[in-house]
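As stored in final19.txt (compact mmCIF, C-alpha atoms):
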```txt
# COMPACT_ATOMS: atom_id res chain seq x y z
CA LYS A 1 -86.61 -32.73 46.81
CA HIS A 2 -86.12 -33.63 50.41
CA MET A 3 -89.16 -31.61 51.50
CA LEU A 4 -87.37 -30.05 54.45
CA ARG A 5 -89.91 -28.29 56.61
CA LYS A 6 -89.42 -24.59 57.26
CA VAL A 7 -89.48 -24.34 61.04
CA THR A 8 -87.80 -22.41 63.80
CA PRO A 9 -86.16 -25.28 65.66
CA ILE A 10 -84.36 -23.19 68.26
CA ALA A 11 -87.50 -21.45 69.45
CA ILE A 12 -89.08 -24.74 70.43
CA THR A 13 -86.02 -26.03 72.28
CA ALA A 14 -85.41 -23.22 74.74
CA CYS A 15 -86.21 -25.56 77.60
CA LEU A 16 -83.52 -27.97 76.38
CA LEU A 17 -80.91 -25.24 76.35
CA ILE A 18 -81.86 -24.37 79.91
CA LEU A 19 -81.24 -27.98 80.85
CA VAL A 20 -77.88 -27.88 79.14
CA ALA A 21 -76.94 -24.76 81.03
CA ALA A 22 -77.84 -26.49 84.25
CA VAL A 23 -75.06 -29.02 83.74
CA ALA A 24 -72.77 -27.11 81.37
CA VAL A 25 -69.13 -28.10 81.04
CA PRO A 26 -67.14 -25.80 83.35
CA TYR A 27 -65.31 -23.05 81.53
CA PRO A 28 -61.69 -22.22 82.35
CA GLN A 29 -61.50 -19.98 85.40
CA GLU A 30 -59.49 -16.81 85.09
CA GLU A 31 -59.01 -13.61 87.04
CA LYS A 32 -61.27 -11.03 85.43
CA GLN A 33 -60.99 -7.29 85.52
CA TYR A 34 -63.28 -4.62 84.14
CA LYS A 35 -61.66 -2.11 81.81
CA ASP A 36 -63.50 0.65 83.60
CA ARG A 37 -66.73 1.52 85.33
CA ALA A 38 -68.50 1.93 81.99
CA GLU A 39 -67.81 -1.68 81.04
CA TYR A 40 -69.10 -2.81 84.43
CA ASP A 41 -72.32 -0.87 83.89
CA LEU A 42 -72.72 -2.24 80.37
CA LEU A 43 -72.07 -5.80 81.47
CA SER A 44 -74.61 -5.39 84.27
CA LYS A 45 -77.22 -4.28 81.75
CA VAL A 46 -76.47 -7.31 79.56
CA TYR A 47 -76.98 -9.72 82.46
CA ALA A 48 -80.19 -7.97 83.52
CA GLU A 49 -81.80 -7.72 80.07
CA ALA A 50 -84.33 -10.50 79.36
CA ASP A 51 -85.42 -9.41 75.90
CA PRO A 52 -83.01 -11.11 73.41
CA THR A 53 -83.39 -8.39 70.80
CA LYS A 54 -82.52 -5.65 73.29
CA LYS A 55 -79.73 -7.82 74.65
CA LEU A 56 -78.21 -8.10 71.17
CA ALA A 57 -78.13 -4.32 70.91
CA LEU A 58 -76.29 -4.15 74.24
CA LEU A 59 -73.89 -6.88 73.15
CA ASP A 60 -73.10 -5.02 69.94
CA GLU A 61 -72.44 -1.87 71.94
CA TRP A 62 -70.22 -3.81 74.32
CA SER A 63 -68.30 -5.40 71.43
CA GLU A 64 -67.81 -2.07 69.71
CA LYS A 65 -66.60 -0.23 72.81
CA TYR A 66 -64.65 -3.15 74.30
CA PRO A 67 -63.46 -5.51 71.54
CA GLU A 68 -61.09 -7.03 74.10
CA THR A 69 -62.64 -8.09 77.39
CA ASP A 70 -62.02 -10.56 80.18
CA TRP A 71 -65.65 -11.64 79.74
CA HIS A 72 -65.16 -12.85 76.15
CA LEU A 73 -66.53 -16.34 76.92
CA GLU A 74 -69.66 -14.99 78.53
CA ARG A 75 -70.16 -12.52 75.70
CA THR A 76 -69.97 -15.28 73.11
CA GLN A 77 -72.45 -17.29 75.16
CA PHE A 78 -74.81 -14.35 75.29
CA TYR A 79 -74.55 -13.89 71.54
CA LEU A 80 -75.26 -17.57 70.91
CA ASP A 81 -78.26 -17.54 73.24
CA SER A 82 -79.69 -14.28 71.87
CA TYR A 83 -79.26 -15.23 68.22
CA SER A 84 -80.94 -18.54 69.02
CA LYS A 85 -83.91 -16.92 70.69
CA THR A 86 -84.37 -14.49 67.80
CA ASN A 87 -84.12 -17.28 65.22
CA GLN A 88 -80.99 -15.91 63.53
CA SER A 89 -79.71 -19.36 62.70
CA GLU A 90 -76.57 -18.51 60.74
CA LYS A 91 -75.36 -16.11 63.40
CA ALA A 92 -76.19 -18.60 66.14
CA VAL A 93 -74.12 -21.26 64.38
CA ALA A 94 -71.26 -18.80 63.88
CA SER A 95 -71.32 -17.97 67.60
CA ALA A 96 -71.35 -21.68 68.41
CA HIS A 97 -68.23 -22.21 66.30
CA GLU A 98 -66.58 -19.24 67.99
CA LEU A 99 -67.37 -20.67 71.42
CA LEU A 100 -66.05 -24.10 70.42
CA GLY A 101 -62.79 -22.41 69.49
CA LYS A 102 -62.53 -21.18 73.06
CA VAL A 103 -64.08 -24.20 74.82
CA PRO A 104 -63.55 -27.39 72.76
CA GLY A 105 -66.38 -29.87 73.18
CA ASP A 106 -68.86 -27.29 74.51
CA PHE A 107 -72.16 -29.17 74.58
CA THR A 108 -74.44 -26.22 73.91
CA SER A 109 -72.38 -25.16 70.90
CA ASN A 110 -72.38 -28.65 69.42
CA TYR A 111 -76.11 -28.92 69.95
CA THR A 112 -76.75 -25.57 68.26
CA ILE A 113 -74.69 -26.55 65.21
CA THR A 114 -76.31 -29.98 65.13
CA LEU A 115 -79.84 -28.66 65.44
CA LEU A 116 -79.59 -25.85 62.91
CA SER A 117 -77.29 -27.10 60.17
CA PRO A 118 -80.02 -28.87 58.15
CA TYR A 119 -82.02 -25.63 58.11
CA LEU A 120 -79.34 -23.22 56.89
CA GLY A 121 -79.98 -23.88 53.21
CA LYS A 122 -76.36 -24.92 52.72
CA SER A 123 -74.81 -28.21 51.70
CA ASP A 124 -71.20 -27.27 50.98
CA ALA A 125 -68.43 -29.53 52.21
CA GLY A 126 -67.56 -27.24 55.13
CA THR A 127 -71.11 -27.08 56.43
CA LEU A 128 -71.55 -30.85 56.14
CA ALA A 129 -68.26 -31.63 57.84
CA ALA A 130 -69.01 -29.25 60.70
CA ALA A 131 -72.51 -30.67 61.13
CA THR A 132 -71.23 -34.25 61.19
CA LYS A 133 -68.47 -33.38 63.65
CA ALA A 134 -70.88 -31.57 65.98
CA GLY A 135 -73.41 -34.41 65.83
CA LYS A 136 -70.83 -37.07 66.61
CA GLU A 137 -69.32 -35.03 69.44
CA LEU A 138 -72.80 -34.51 70.84
CA LEU A 139 -73.41 -38.27 70.89
CA ALA A 140 -69.98 -38.95 72.40
CA GLY A 141 -70.61 -36.50 75.23
CA MET A 142 -74.15 -37.62 76.01
CA ASP A 143 -73.35 -39.88 78.97
CA LYS A 144 -71.17 -37.26 80.63
CA GLN A 145 -73.65 -34.48 80.03
CA PHE A 146 -76.55 -36.42 81.53
CA ALA A 147 -74.64 -38.19 84.29
CA THR A 148 -76.04 -36.00 87.07
CA ARG A 149 -79.61 -34.77 87.06
CA PRO A 150 -80.29 -31.51 88.92
CA GLU A 151 -82.77 -32.02 91.73
CA THR A 152 -84.99 -29.31 90.27
CA VAL A 153 -85.45 -31.24 86.99
CA PRO A 154 -87.95 -34.15 87.01
CA GLN A 155 -86.60 -37.49 85.79
CA GLU A 156 -89.15 -37.66 82.98
CA THR A 157 -88.12 -34.22 81.72
CA TRP A 158 -84.45 -35.16 81.99
CA ASP A 159 -84.92 -38.38 80.02
CA SER A 160 -87.03 -36.61 77.40
CA ALA A 161 -84.35 -33.95 76.92
CA ARG A 162 -81.65 -36.56 76.37
CA LYS A 163 -83.82 -38.35 73.84
CA GLN A 164 -84.34 -35.11 71.90
CA TYR A 165 -80.61 -34.36 71.89
CA GLU A 166 -79.76 -37.84 70.66
CA THR A 167 -82.48 -37.73 68.03
CA ALA A 168 -81.18 -34.39 66.73
CA ALA A 169 -77.62 -35.75 66.57
CA HIS A 170 -78.55 -38.87 64.61
CA LYS A 171 -80.82 -36.81 62.36
CA THR A 172 -78.09 -34.33 61.46
CA VAL A 173 -75.40 -36.97 60.95
CA GLY A 174 -77.85 -38.76 58.64
CA TRP A 175 -78.78 -35.54 56.85
CA SER A 176 -75.12 -34.73 56.23
CA ALA A 177 -74.47 -38.25 54.91
CA MET A 178 -77.54 -37.97 52.67
CA GLN A 179 -76.25 -34.71 51.20
CA SER A 180 -72.91 -36.44 50.56
CA LYS A 181 -74.73 -39.38 48.91
CA ASP A 182 -73.47 -41.79 51.57
CA ASN A 183 -76.84 -43.47 51.69
CA VAL A 184 -75.84 -46.46 53.82
CA VAL A 185 -74.58 -44.24 56.65
CA ALA A 186 -77.63 -42.02 56.26
CA GLU A 187 -79.94 -45.04 56.54
CA LYS A 188 -78.25 -46.15 59.75
CA SER A 189 -78.45 -42.69 61.33
CA PHE A 190 -82.07 -42.10 60.34
CA THR A 191 -83.00 -45.53 61.69
CA GLU A 192 -81.42 -44.71 65.05
CA ALA A 193 -83.23 -41.35 65.15
CA LEU A 194 -86.60 -42.98 64.47
CA LYS A 195 -86.02 -45.60 67.14
CA LEU A 196 -85.61 -42.74 69.62
CA ASP A 197 -88.49 -40.65 68.29
CA PRO A 198 -90.89 -42.42 65.88
CA THR A 199 -92.90 -39.22 65.40
CA GLN A 200 -90.26 -37.60 63.17
CA ALA A 201 -92.10 -37.93 59.85
CA GLN A 202 -89.53 -35.87 57.94
CA ILE A 203 -86.86 -38.40 58.92
CA SER A 204 -89.12 -41.23 57.71
CA TYR A 205 -89.29 -39.52 54.32
CA TRP A 206 -85.53 -39.11 54.24
CA LEU A 207 -85.10 -42.77 55.20
CA GLY A 208 -87.27 -43.84 52.28
CA ASP A 209 -85.23 -41.63 49.96
CA VAL A 210 -81.78 -42.93 50.95
CA VAL A 211 -82.94 -46.56 50.98
CA MET A 212 -84.53 -46.23 47.54
CA LYS A 213 -81.32 -44.74 46.14
CA GLN A 214 -79.35 -47.81 47.23
CA LYS A 215 -81.25 -49.82 44.57
CA ASP A 216 -81.25 -52.90 46.76
CA VAL A 217 -84.38 -54.93 45.92
CA LYS A 218 -84.27 -56.47 49.38
CA LYS A 219 -84.91 -53.02 50.86
CA ASN A 220 -87.74 -51.98 48.55
CA ASP A 221 -90.36 -52.71 51.20
CA LEU A 222 -88.55 -50.54 53.77
CA ALA A 223 -88.32 -47.65 51.30
CA MET A 224 -91.98 -47.94 50.36
CA PHE A 225 -93.03 -48.20 53.99
CA SER A 226 -90.95 -45.19 55.05
CA PHE A 227 -92.54 -43.01 52.38
CA ALA A 228 -95.95 -44.28 53.44
CA ARG A 229 -95.14 -43.40 57.06
CA ALA A 230 -94.36 -39.81 56.08
CA ALA A 231 -97.66 -39.65 54.20
CA ALA A 232 -99.93 -41.43 56.68
CA TYR A 233 -98.71 -40.24 60.08
CA ASP A 234 -100.71 -37.25 61.34
CA GLY A 235 -99.63 -36.88 64.97
CA PRO A 236 -96.99 -34.63 66.60
CA ASN A 237 -94.10 -33.77 64.23
CA ALA A 238 -96.12 -34.88 61.19
CA MET A 239 -95.38 -33.33 57.83
CA PRO A 240 -97.69 -30.53 56.63
CA ALA A 241 -100.96 -31.75 55.10
CA GLU A 242 -100.00 -30.67 51.59
CA GLY A 243 -96.67 -32.46 51.79
CA ARG A 244 -98.31 -35.59 53.15
CA GLN A 245 -100.75 -35.64 50.24
CA GLN A 246 -97.93 -35.29 47.72
CA VAL A 247 -96.00 -38.15 49.31
CA ALA A 248 -99.14 -40.31 49.39
CA GLU A 249 -99.63 -39.82 45.64
CA TYR A 250 -95.97 -40.64 45.09
CA VAL A 251 -96.32 -43.90 47.04
CA LYS A 252 -99.50 -44.85 45.17
CA ASN A 253 -97.73 -44.29 41.86
CA LEU A 254 -94.85 -46.48 43.03
CA LEU A 255 -97.30 -49.20 44.04
CA LYS A 256 -99.12 -48.94 40.72
CA SER A 257 -95.91 -49.14 38.68
CA TYR A 258 -94.84 -52.17 40.72
CA ALA A 259 -98.10 -54.07 41.17
CA GLY A 260 -100.58 -52.46 38.79
CA ASP A 261 -104.03 -51.40 39.93
CA THR A 262 -103.87 -54.02 42.67
CA GLY A 263 -101.07 -51.99 44.28
CA VAL A 264 -103.44 -49.12 44.93
CA THR A 265 -106.73 -50.90 45.60
CA GLU A 266 -105.38 -53.71 47.74
CA TYR A 267 -101.93 -52.79 49.05
CA TRP A 268 -102.26 -49.07 49.81
CA PRO A 269 -105.01 -49.36 52.50
CA ARG A 270 -103.00 -52.02 54.33
CA LEU A 271 -99.77 -50.11 53.97
CA GLU A 272 -101.38 -46.84 55.09
CA ALA A 273 -102.85 -48.41 58.24
CA MET A 274 -99.55 -50.02 59.23
CA ALA A 275 -97.52 -46.88 58.51
CA LYS A 276 -99.86 -44.68 60.51
CA ALA A 277 -99.33 -46.85 63.58
CA SER A 278 -95.54 -47.35 63.50
CA ALA A 279 -92.33 -45.88 62.09
CA PHE A 280 -91.18 -49.33 60.99
CA PRO A 281 -93.01 -52.31 59.44
CA THR A 282 -94.77 -54.40 62.08
CA GLY A 283 -95.38 -57.34 59.75
CA GLU A 284 -94.60 -58.71 56.32
CA LEU A 285 -95.73 -56.45 53.50
CA ASP A 286 -95.83 -59.28 50.93
CA PHE A 287 -96.18 -56.99 47.93
CA GLU A 288 -96.28 -58.89 44.66
CA SER A 289 -95.13 -57.39 41.38
CA LYS A 290 -97.34 -57.16 38.30
CA GLU A 291 -95.43 -60.09 36.86
CA GLN A 292 -95.96 -62.18 39.98
CA ILE A 293 -99.65 -61.30 40.10
CA ALA A 294 -100.09 -62.24 36.44
CA TYR A 295 -98.17 -65.49 36.96
CA ASN A 296 -100.30 -66.44 39.97
CA ALA A 297 -103.51 -65.67 38.07
CA GLU A 298 -102.46 -67.80 35.14
CA LYS A 299 -101.38 -70.65 37.40
CA LYS A 300 -104.77 -70.62 39.08
CA ALA A 301 -106.53 -70.61 35.71
CA ARG A 302 -104.35 -73.49 34.46
CA ASP A 303 -105.18 -75.53 37.56
CA GLU A 304 -108.88 -74.86 37.10
CA ASN A 305 -108.99 -75.52 33.33
CA PRO A 306 -105.99 -77.57 32.18
CA LEU A 307 -107.60 -78.69 28.88
CA LEU A 308 -108.07 -75.09 27.76
CA TYR A 309 -104.41 -74.31 28.36
CA LYS A 310 -103.30 -77.34 26.39
CA TYR A 311 -104.91 -75.69 23.39
CA LEU A 312 -103.56 -72.24 24.21
CA ASP A 313 -100.03 -73.58 24.64
CA LEU A 314 -100.24 -75.53 21.36
CA LYS A 315 -101.59 -72.47 19.56
CA THR A 316 -98.70 -70.38 20.91
CA VAL A 317 -96.18 -72.91 19.62
CA LEU A 318 -97.84 -73.32 16.20
CA THR A 319 -97.96 -69.57 15.63
CA GLY A 320 -94.40 -69.09 16.82
CA THR A 321 -91.03 -69.46 15.11
CA THR A 322 -91.04 -73.24 15.56
CA GLY A 323 -94.62 -73.65 14.31
CA ASP A 324 -93.76 -75.42 11.05
CA ALA A 325 -91.55 -77.96 12.77
CA THR A 326 -94.18 -78.65 15.42
CA TRP A 327 -96.90 -79.03 12.79
CA GLY A 328 -94.71 -81.52 10.96
CA ASP A 329 -94.28 -83.55 14.13
CA LEU A 330 -98.06 -83.59 14.69
CA LYS A 331 -98.94 -84.98 11.24
CA GLY A 332 -100.41 -88.40 11.54
CA LYS A 333 -100.71 -88.18 15.33
CA LEU A 334 -103.60 -87.60 17.68
CA THR A 335 -103.76 -84.09 19.01
CA PRO A 336 -103.79 -83.67 22.79
CA LYS A 337 -107.19 -83.80 24.45
CA MET A 338 -108.48 -80.24 24.62
CA ALA A 339 -111.53 -78.24 25.74
CA LEU A 340 -112.50 -76.51 22.47
CA TYR A 341 -115.50 -75.11 20.62
CA VAL A 342 -116.17 -75.60 16.89
CA ILE A 343 -116.83 -72.12 15.57
CA SER A 344 -116.87 -72.84 11.80
CA ALA A 345 -116.41 -75.56 9.23
CA ALA A 346 -115.88 -75.51 5.48
CA PRO A 347 -117.41 -76.79 3.36
CA PRO A 348 -120.53 -77.26 5.51
CA ALA A 349 -121.52 -80.69 4.16
CA ARG A 350 -118.21 -82.50 4.20
CA PRO A 351 -115.82 -80.06 5.93
CA SER A 352 -112.15 -80.32 5.21
CA THR A 353 -111.37 -77.43 7.53
CA ILE A 354 -112.70 -77.00 11.06
CA ASN A 355 -111.96 -73.87 13.07
CA LEU A 356 -111.70 -74.36 16.83
CA SER A 357 -111.53 -71.82 19.66
CA SER A 358 -111.22 -71.73 23.42
CA LYS A 359 -114.31 -69.46 23.47
CA PRO A 360 -117.81 -70.25 22.10
```

Please express what this file holds, its structure, as structure tokens.
Amino acid sequence: KHMLRKVTPIAITACLLILVAAVAVPYPQEEKQYKDRAEYDLLSKVYAEADPTKKLALLDEWSEKYPETDWHLERTQFYLDSYSKTNQSEKAVASAHELLGKVPGDFTSNYTITLLSPYLGKSDAGTLAAATKAGKELLAGMDKQFATRPETVPQETWDSARKQYETAAHKTVGWSAMQSKDNVVAEKSFTEALKLDPTQAQISYWLGDVVMKQKDVKKNDLAMFSFARAAAYDGPNAMPAEGRQQVAEYVKNLLKSYAGDTGVTEYWPRLEAMAKASAFPTGELDFESKEQIAYNAEKKARDENPLLYKYLDLKTVLTGTTGDATWGDLKGKLTPKMALYVISAAPPARPSTINLSSKP
């Protein structure tokens, strides 16, 4: 599961669409004529109506009475805007495609398709191709779109809007690649999105997913960290609390399977603190596997008590498949110096057998 949050993305980006409109690509100019006075009156009502739901009713009436009109571009724009403001995502995307057919490269249309495609509940080839195309066209047109800032828009607002557009484009291109199992492209796009906006916890989760699926051991730390980021981050654009808890348990289980109990008790607190502060690792994670931890522990024990391990190693050999041959080689020779305890002897007076152990 990709744990896609159920949100109404258009409703929270109305200000961005206003900015787009302020510098919209000019539409082709044409001589326009009303069909009659009734169309003029209807069009006037559409322009004057602020309520998007009421405007949709007027637009439907206009479309029914005047299927052909010189104001077809404006009508499509009105539909796109009204569907957006009423959170009718599929219809907004359909209007955006219709407008692109009339005005290729229309920035608002590409943004609408880019923003909403991951939330349509569709992953068919057509939806993915359209989302990727819109996202890439959005990125390609960014410099032109933001070349001239209106005097009424503060620089900080202008820069913030561009960042949100670019983030949305990279996010959707990555989402489309993820659905198509092109995990390398998805990783690149999600990384670019997080560089622009590190608060996007959902993208961090997706990044962990596509990196993990590449099965590249060199990227295991990045995958683990990205999941931890989605779980630990609790600021703006964080995942819901329930989702964060589920991801946290998932990460802890990964750590435990990789490093044993040490993964949870020692590594998780450090990983959680780092992930909460940044969308990318700010230092070496240095996670050791269970095998590496066991090896290091044994090496330390060997260094501290070499005589004991001489016995343990000899015992391993003697009880193994080559034990008989080793025992034959030892006959008549001094055994290695060892740290051992006599635990029994038989018979007690003149023992012919002495049992030794590394423990008293």

- Query: So how many Å separate CA of Ala339 in chain A and CA of Tyr311 in chain A, to one decimal?
  - Reply: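 Calculated distance between CA of Ala339 in chain A and CA of Tyr311 in chain A is 7.5 Å.
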
- Distance CA of Ala248 in chain A-CA of Leu271 in chain A, one decimal place?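 Rounded to one decimal, the two atoms are 10.8 Å apart.
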
- Message: Calculated over all atoms listed in the file, which of the candidates A:Gly135, A:Gly235, A:Pro360, A:Pro281 has the smallest distance to Gly174 in chain A?
- Response: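 Looking at the shortest contact to Gly174 in chain A, the residue is A:Gly135.
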
- Counting only C-alpha atoms, what is within 8 Å of Ala275 in chain A, bar same-chain residues fewer than 4 positions away, as JSON, numbers by chain? {"A": [225, 226, 228, 229, 232, 233, 271, 279, 280, 281]}

Check which residues of range 82-181 of chain A sit at most 10 Å from range 205-215 of chain A using all atoms listed in the file, and return one row each with the closest pair of atoms and their distance in Å to one decimal, ordered by chain and rising number, as a tab-separated table.
```
residue	atom	partner	partner_atom	distance
A:Lys171	CA	A:Trp206	CA	9.7
A:Gly174	CA	A:Trp206	CA	8.9
A:Trp175	CA	A:Trp206	CA	8.1
A:Ala177	CA	A:Val210	CA	9.5
A:Met178	CA	A:Val210	CA	6.7
A:Gln179	CA	A:Val210	CA	9.9
A:Lys181	CA	A:Val210	CA	8.2
```

- Excluding Ala168 in chain A and residues on its chain fewer than 3 positions from it, collect all residues at most 12 Å away from it, counting only C-alpha atoms, and give them as a PyMOL selection string. chain A and resi 9-10+13+16+110-118+131-132+134-136+138-139+161-165+171-175+189-190+192-194+196-197+200+203
